[in-house]
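J.: Have a look at the structure that comes next, please.
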Protein chains: 2
Amino acid sequence: MSARAPHGPTLTERRKAETEWEIARCAADLFAEHGAAGVTAEDIARAAGVSLRTFYRYFRTKEEAVTPLLAGGVRRWLKDLAAAPGELPVTEALERAVRRALTPEGEAEAEALHRTRGLLRAVPGDPGLRSVWHRVHATTEESLVPVLTALAREDTDPLDVRLLAAAANSAMRISVETWAATDDDTTNAPAETAVRCLRKLTAGLNVPRA
Amino acid sequence: MSARAPHGPTLTERRKAETEWEIARCAADLFAEHGAAGVTAEDIARAAGVSLRTFYRYFRTKEEAVTPLLAGGVRRWLKDLAAAPGELPVTEALERAVRRALTPEGEAEAEALHRTRGLLRAVPGDPGLRSVWHRVHATTEESLVPVLTALAREDTDPLDVRLLAAAANSAMRISVETWAATDDDTTNAPAETAVRCLRKLTAGLNVPRA
DNA sequence: CGCCTGGATGGCACAACGTGCCACGATGGC
DNA sequence: GCCATCGTGGCACGTTGTGCCATCCAGGCG
């Protein structure tokens with residue numbers, strides 16, 4: 001389990017990450033095609049080349065199998081936000097992080113974004129998928145709170161921080177949803193829309209500099 | 001199925017509503033005590049005096065059994081909002097509706113509110129309950145959109161309406177959550193907090209009069 | 001009053017979900 | 001090469017949720 005500096009993660013760890021990603025990929029494709037209700041956990045497991053038992057070791061429910069897809073951008077978002085320079089106003093830091101999180105860099109991320117879009121289009125009609133989608137956003141909002149608290153001035157009202165987290169989360173969610181609903185394949189990632197939504201929702205909040 | 005004016009709903013219909021409420025009541029109590037994972041659907045059915053099969057005719061999942069509790073206030077909220085006089089600014093109508101929805105009138109509602117609070121205290125630690133809680137809010141936000149659209153001026157940007165719905169929903173959710181988390185039993189319903197949150201989140205939105 | 005239709009309920013069987021348990025095999029340190 | 005560790009697969013089991021059919025009761029009609 002030792003993390004050796006030169007080689008990075010262990011072979012086993014790399015395999016685990018690989019397997020997790022493979023399951024998520026298969027699940028997303030199957031869900032997008034047949035809906036979550038039309039796919040059994042065993043279908044996903046078979047498609048990913050693992051046993052049913054192993055599938056449930058990676059994910060607690062079959063719907064949860066797609067969270068790596070949905071939460072991929074979120075991870076980057078939080079990481080960027082946490083690394084924001086302290087002298088930046090919180091809202092400014094949020095805007096930049098949002099912009100970066102929604103702009104795919106590299107081939108893998110662009111493909112992930114494309115796959116996620118296909119999945120999102122199946123969400124509105126599928127109760128199971130809606131549940132995951134909302135759960136991802138709920139956990140995102142919770143993760144946002146400590147990060148924003150660290151970024152804000154110490155005497156900021158905790159309630160204001162929660163509201164800010166909710167505002168940022170809603171801006172992200174709504175802009176991504178509208179983006180996924182459009183048929184226009186040439187549309188850029190919904191970064192600009194998200195920033196506009198964010199500004200409108202945070203206009204009344206006073207969360208001063210770090 | 002005929003709805004006779006004098007007697008109101010049919011005997012059968014009244015019984016159905018009664019049964020549904022009874023199941024919800026039992027489910028809420030059991031969940032609050034043992035957590036959703038520690039209660040089987042059969043437990044709820046037995047406590048409510050119905051068969052397992054009947055239980056699943058009323059609710060699609062065992063967690064969903066508590067939605068009548070959680071969505072009770074929401075129904076009033078939407079009804080009040082839809083009945084708002086047209087000359088009122090949308091934000092003002094929202095504030096009044098929020099205030100009224102969070103102020104219990106009558107014994108039954110006060111008791112429902114109390115029971116809901118007990119349930120909400122079990123939510124943070126229980127994945128299943130969190131899922132219902134978020135689902136209720138998601139559907140609330142969706143129901144909010146057409147109502148707000150009707151209230152707003154016709155040329156209002158649909159995106160602004162969605163943001164307003166999200167803002168109102170978040171204000172409601174966060175204030176209720178903080179209220180449920182406090183130990184102070186003398187605290188009034190979180191109406192004032194909700195109105196303050198609402199004002200802060202909607203300050204940047206321009207959704208003009210009806 | 002007796003018949004009869006519709007709808008709510010209960011019982012049963014069944015596919016799928018999700019978990020505990022144990023055995024096997026590969027990784028990685030000694 | 002030995003061994004502890006951990007990921008994996010297989011099996012059994014309780015629970016979830018649904019389809020199907022029999023039963024019972026409310027309420028309309030002759």
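Quick note on naming: the chains in the structure tokens go A, B, ... in the order shown, residues restart at 1 in each chain, and ligands are numbered from 1 in order of appearance.
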With only C-alpha atoms (C1' of nucleotides) as the counted atoms, please give the residues lying no more than 12 Å from D:DT15, apart from itself and same-chain residues fewer than 3 positions off, as a list in words.
T.: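 Answer for this query is Ala37, Gly38, Val39, Thr40, Ala41, Glu42, Asp43 and Lys62 of chain B; DA16, DC17, DG18 and DT19 of chain C.
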J.: Give me, as a PyMOL selection string, the residues of chain C touching chain B, with the criterion being at most 9 Å (counting only C-alpha atoms (C1' of nucleotides)).
T.: chain C and resi 8-11
J.: When the cut-off is 8 Å and we count only C-alpha atoms, which residues of chain A are near chain B, given as an NGL selection string?
T.: :A and (131 or 134-135 or 138 or 162-163 or 166-167 or 170-171 or 174 or 197 or 199-205)
J.: Write the residues of the selection above to a file with N, CA and C atoms, as a PDB file, in the first residue's frame.
T.:
ATOM      1  N   SER A 131     -32.175  10.695  -9.489  1.00  0.00           N
ATOM      2  CA  SER A 131     -31.737  10.545  -8.115  1.00  0.00           C
ATOM      3  C   SER A 131     -30.218  10.707  -8.003  1.00  0.00           C
ATOM      4  N   HIS A 134     -29.118  14.373  -8.613  1.00  0.00           N
ATOM      5  CA  HIS A 134     -29.373  15.256  -7.486  1.00  0.00           C
ATOM      6  C   HIS A 134     -28.454  14.950  -6.318  1.00  0.00           C
ATOM      7  N   ARG A 135     -28.145  13.679  -6.163  1.00  0.00           N
ATOM      8  CA  ARG A 135     -27.250  13.316  -5.079  1.00  0.00           C
ATOM      9  C   ARG A 135     -25.860  13.886  -5.306  1.00  0.00           C
ATOM     10  N   ALA A 138     -26.006  17.444  -4.352  1.00  0.00           N
ATOM     11  CA  ALA A 138     -26.119  17.633  -2.909  1.00  0.00           C
ATOM     12  C   ALA A 138     -24.751  17.480  -2.247  1.00  0.00           C
ATOM     13  N   ARG A 162     -23.298  29.076   3.366  1.00  0.00           N
ATOM     14  CA  ARG A 162     -24.178  28.022   2.841  1.00  0.00           C
ATOM     15  C   ARG A 162     -24.976  28.530   1.645  1.00  0.00           C
ATOM     16  N   LEU A 163     -25.444  29.752   1.750  1.00  0.00           N
ATOM     17  CA  LEU A 163     -26.206  30.318   0.636  1.00  0.00           C
ATOM     18  C   LEU A 163     -25.323  30.450  -0.597  1.00  0.00           C
ATOM     19  N   ALA A 166     -24.922  27.123  -2.142  1.00  0.00           N
ATOM     20  CA  ALA A 166     -26.137  26.755  -2.867  1.00  0.00           C
ATOM     21  C   ALA A 166     -26.236  27.518  -4.176  1.00  0.00           C
ATOM     22  N   ALA A 167     -25.888  28.801  -4.143  1.00  0.00           N
ATOM     23  CA  ALA A 167     -25.955  29.621  -5.350  1.00  0.00           C
ATOM     24  C   ALA A 167     -25.001  29.086  -6.416  1.00  0.00           C
ATOM     25  N   SER A 170     -26.274  25.767  -7.753  1.00  0.00           N
ATOM     26  CA  SER A 170     -27.438  25.919  -8.631  1.00  0.00           C
ATOM     27  C   SER A 170     -27.028  26.474  -9.983  1.00  0.00           C
ATOM     28  N   ALA A 171     -26.148  27.463  -9.951  1.00  0.00           N
ATOM     29  CA  ALA A 171     -25.679  28.044 -11.205  1.00  0.00           C
ATOM     30  C   ALA A 171     -25.059  26.964 -12.082  1.00  0.00           C
ATOM     31  N   ILE A 174     -27.874  24.303 -13.239  1.00  0.00           N
ATOM     32  CA  ILE A 174     -28.860  24.780 -14.212  1.00  0.00           C
ATOM     33  C   ILE A 174     -28.205  25.038 -15.560  1.00  0.00           C
ATOM     34  N   CYS A 197     -25.115  33.063 -14.562  1.00  0.00           N
ATOM     35  CA  CYS A 197     -26.027  32.597 -13.507  1.00  0.00           C
ATOM     36  C   CYS A 197     -25.425  32.853 -12.140  1.00  0.00           C
ATOM     37  N   ARG A 199     -23.284  35.111 -11.212  1.00  0.00           N
ATOM     38  CA  ARG A 199     -23.315  36.536 -10.844  1.00  0.00           C
ATOM     39  C   ARG A 199     -24.698  36.943 -10.377  1.00  0.00           C
ATOM     40  N   LYS A 200     -25.700  36.468 -11.071  1.00  0.00           N
ATOM     41  CA  LYS A 200     -27.066  36.868 -10.698  1.00  0.00           C
ATOM     42  C   LYS A 200     -27.454  36.336  -9.323  1.00  0.00           C
ATOM     43  N   LEU A 201     -27.031  35.129  -9.028  1.00  0.00           N
ATOM     44  CA  LEU A 201     -27.452  34.533  -7.757  1.00  0.00           C
ATOM     45  C   LEU A 201     -26.638  35.049  -6.572  1.00  0.00           C
ATOM     46  N   THR A 202     -25.420  35.536  -6.839  1.00  0.00           N
ATOM     47  CA  THR A 202     -24.571  35.954  -5.723  1.00  0.00           C
ATOM     48  C   THR A 202     -24.580  37.462  -5.537  1.00  0.00           C
ATOM     49  N   ALA A 203     -25.376  38.168  -6.313  1.00  0.00           N
ATOM     50  CA  ALA A 203     -25.368  39.634  -6.244  1.00  0.00           C
ATOM     51  C   ALA A 203     -25.739  40.141  -4.859  1.00  0.00           C
ATOM     52  N   GLY A 204     -26.639  39.440  -4.174  1.00  0.00           N
ATOM     53  CA  GLY A 204     -27.116  39.924  -2.880  1.00  0.00           C
ATOM     54  C   GLY A 204     -26.326  39.409  -1.700  1.00  0.00           C
ATOM     55  N   LEU A 205     -25.324  38.590  -1.964  1.00  0.00           N
ATOM     56  CA  LEU A 205     -24.557  38.005  -0.864  1.00  0.00           C
ATOM     57  C   LEU A 205     -23.335  38.860  -0.565  1.00  0.00           C
TER      58      LEU A 205
END
J.: For chain D, list the residues within 12 Å of chain B, counting only C-alpha atoms (C1' of nucleotides), and write the list as number ranges by chain.
T.: D: 14-19, 25-28
J.: If you keep N, CA and C atoms (P, O5', C5', C4', C3', O3' and C1' of nucleotides), can you produce a file of those selected residues as a CSV table (one decimal), in the first residue's frame?
T.:
chain,number,residue,atom,x,y,z
D,14,DG,P,-32.7,-15.9,5.1
D,14,DG,O5',-32.9,-14.4,5.2
D,14,DG,C5',-32.2,-13.5,6.0
D,14,DG,C4',-32.3,-12.1,5.6
D,14,DG,C3',-33.7,-11.5,5.5
D,14,DG,O3',-33.7,-10.2,6.0
D,14,DG,C1',-32.8,-11.3,3.4
D,15,DT,P,-35.1,-9.4,6.2
D,15,DT,O5',-35.2,-8.5,4.9
D,15,DT,C5',-34.2,-7.5,4.7
D,15,DT,C4',-34.4,-6.8,3.4
D,15,DT,C3',-35.8,-6.3,3.2
D,15,DT,O3',-35.7,-4.9,3.0
D,15,DT,C1',-35.0,-7.4,1.2
D,16,DT,P,-37.1,-4.0,2.7
D,16,DT,O5',-37.0,-3.7,1.1
D,16,DT,C5',-35.8,-3.3,0.5
D,16,DT,C4',-35.9,-3.3,-1.0
D,16,DT,C3',-37.2,-2.6,-1.5
D,16,DT,O3',-36.9,-1.6,-2.5
D,16,DT,C1',-37.0,-4.8,-2.5
D,17,DG,P,-37.9,-0.4,-2.7
D,17,DG,O5',-38.8,-1.1,-3.9
D,17,DG,C5',-38.2,-1.3,-5.2
D,17,DG,C4',-39.1,-2.2,-6.0
D,17,DG,C3',-40.6,-1.7,-6.2
D,17,DG,O3',-40.8,-1.5,-7.6
D,17,DG,C1',-40.5,-4.1,-5.8
D,18,DT,P,-42.2,-1.1,-8.2
D,18,DT,O5',-42.7,-2.5,-8.9
D,18,DT,C5',-41.9,-3.1,-9.7
D,18,DT,C4',-42.5,-4.4,-10.3
D,18,DT,C3',-44.0,-4.1,-10.8
D,18,DT,O3',-44.1,-4.7,-12.1
D,18,DT,C1',-43.9,-6.0,-9.4
D,19,DG,P,-45.5,-4.4,-13.0
D,19,DG,O5',-46.0,-5.8,-13.2
D,19,DG,C5',-45.1,-6.9,-13.6
D,19,DG,C4',-45.8,-8.2,-13.7
D,19,DG,C3',-47.3,-8.2,-14.2
D,19,DG,O3',-47.5,-9.3,-15.0
D,19,DG,C1',-47.3,-9.0,-12.0
D,25,DC,P,-66.5,-7.7,3.2
D,25,DC,O5',-66.8,-6.2,2.7
D,25,DC,C5',-65.8,-5.2,2.8
D,25,DC,C4',-66.0,-4.1,1.9
D,25,DC,C3',-67.4,-3.5,2.0
D,25,DC,O3',-67.3,-2.1,2.0
D,25,DC,C1',-66.9,-4.0,-0.3
D,26,DA,P,-68.5,-1.1,2.6
D,26,DA,O5',-68.7,0.0,1.6
D,26,DA,C5',-67.6,0.8,1.2
D,26,DA,C4',-67.8,1.5,-0.2
D,26,DA,C3',-69.1,2.3,-0.3
D,26,DA,O3',-68.9,3.5,-1.0
D,26,DA,C1',-69.1,0.6,-1.9
D,27,DG,P,-70.0,4.6,-0.9
D,27,DG,O5',-70.8,4.4,-2.3
D,27,DG,C5',-70.1,4.3,-3.5
D,27,DG,C4',-71.1,3.8,-4.6
D,27,DG,C3',-72.5,4.4,-4.6
D,27,DG,O3',-72.9,4.6,-5.9
D,27,DG,C1',-72.6,2.1,-4.6
D,28,DG,P,-73.8,5.9,-6.2
D,28,DG,O5',-74.5,5.5,-7.6
D,28,DG,C5',-73.6,5.1,-8.7
D,28,DG,C4',-74.3,4.0,-9.5
D,28,DG,C3',-75.8,4.3,-9.8
D,28,DG,O3',-76.1,4.1,-11.2
D,28,DG,C1',-75.6,2.1,-8.8
J.: How many Å lie between atom C1' of D:DC29 and atom C1' of C:DT5, rounded to one decimal?
T.: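 Atom-to-atom, atom C1' of D:DC29 and atom C1' of C:DT5 are spaced 10.7 Å apart.
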J.: Excluding same-chain residues fewer than 3 positions from A:Ala122, what lies within 8 Å of it counting only C-alpha atoms (C1' of nucleotides), as number ranges by chain?
T.: A: 31-32, 35, 118-119, 125-126, 129
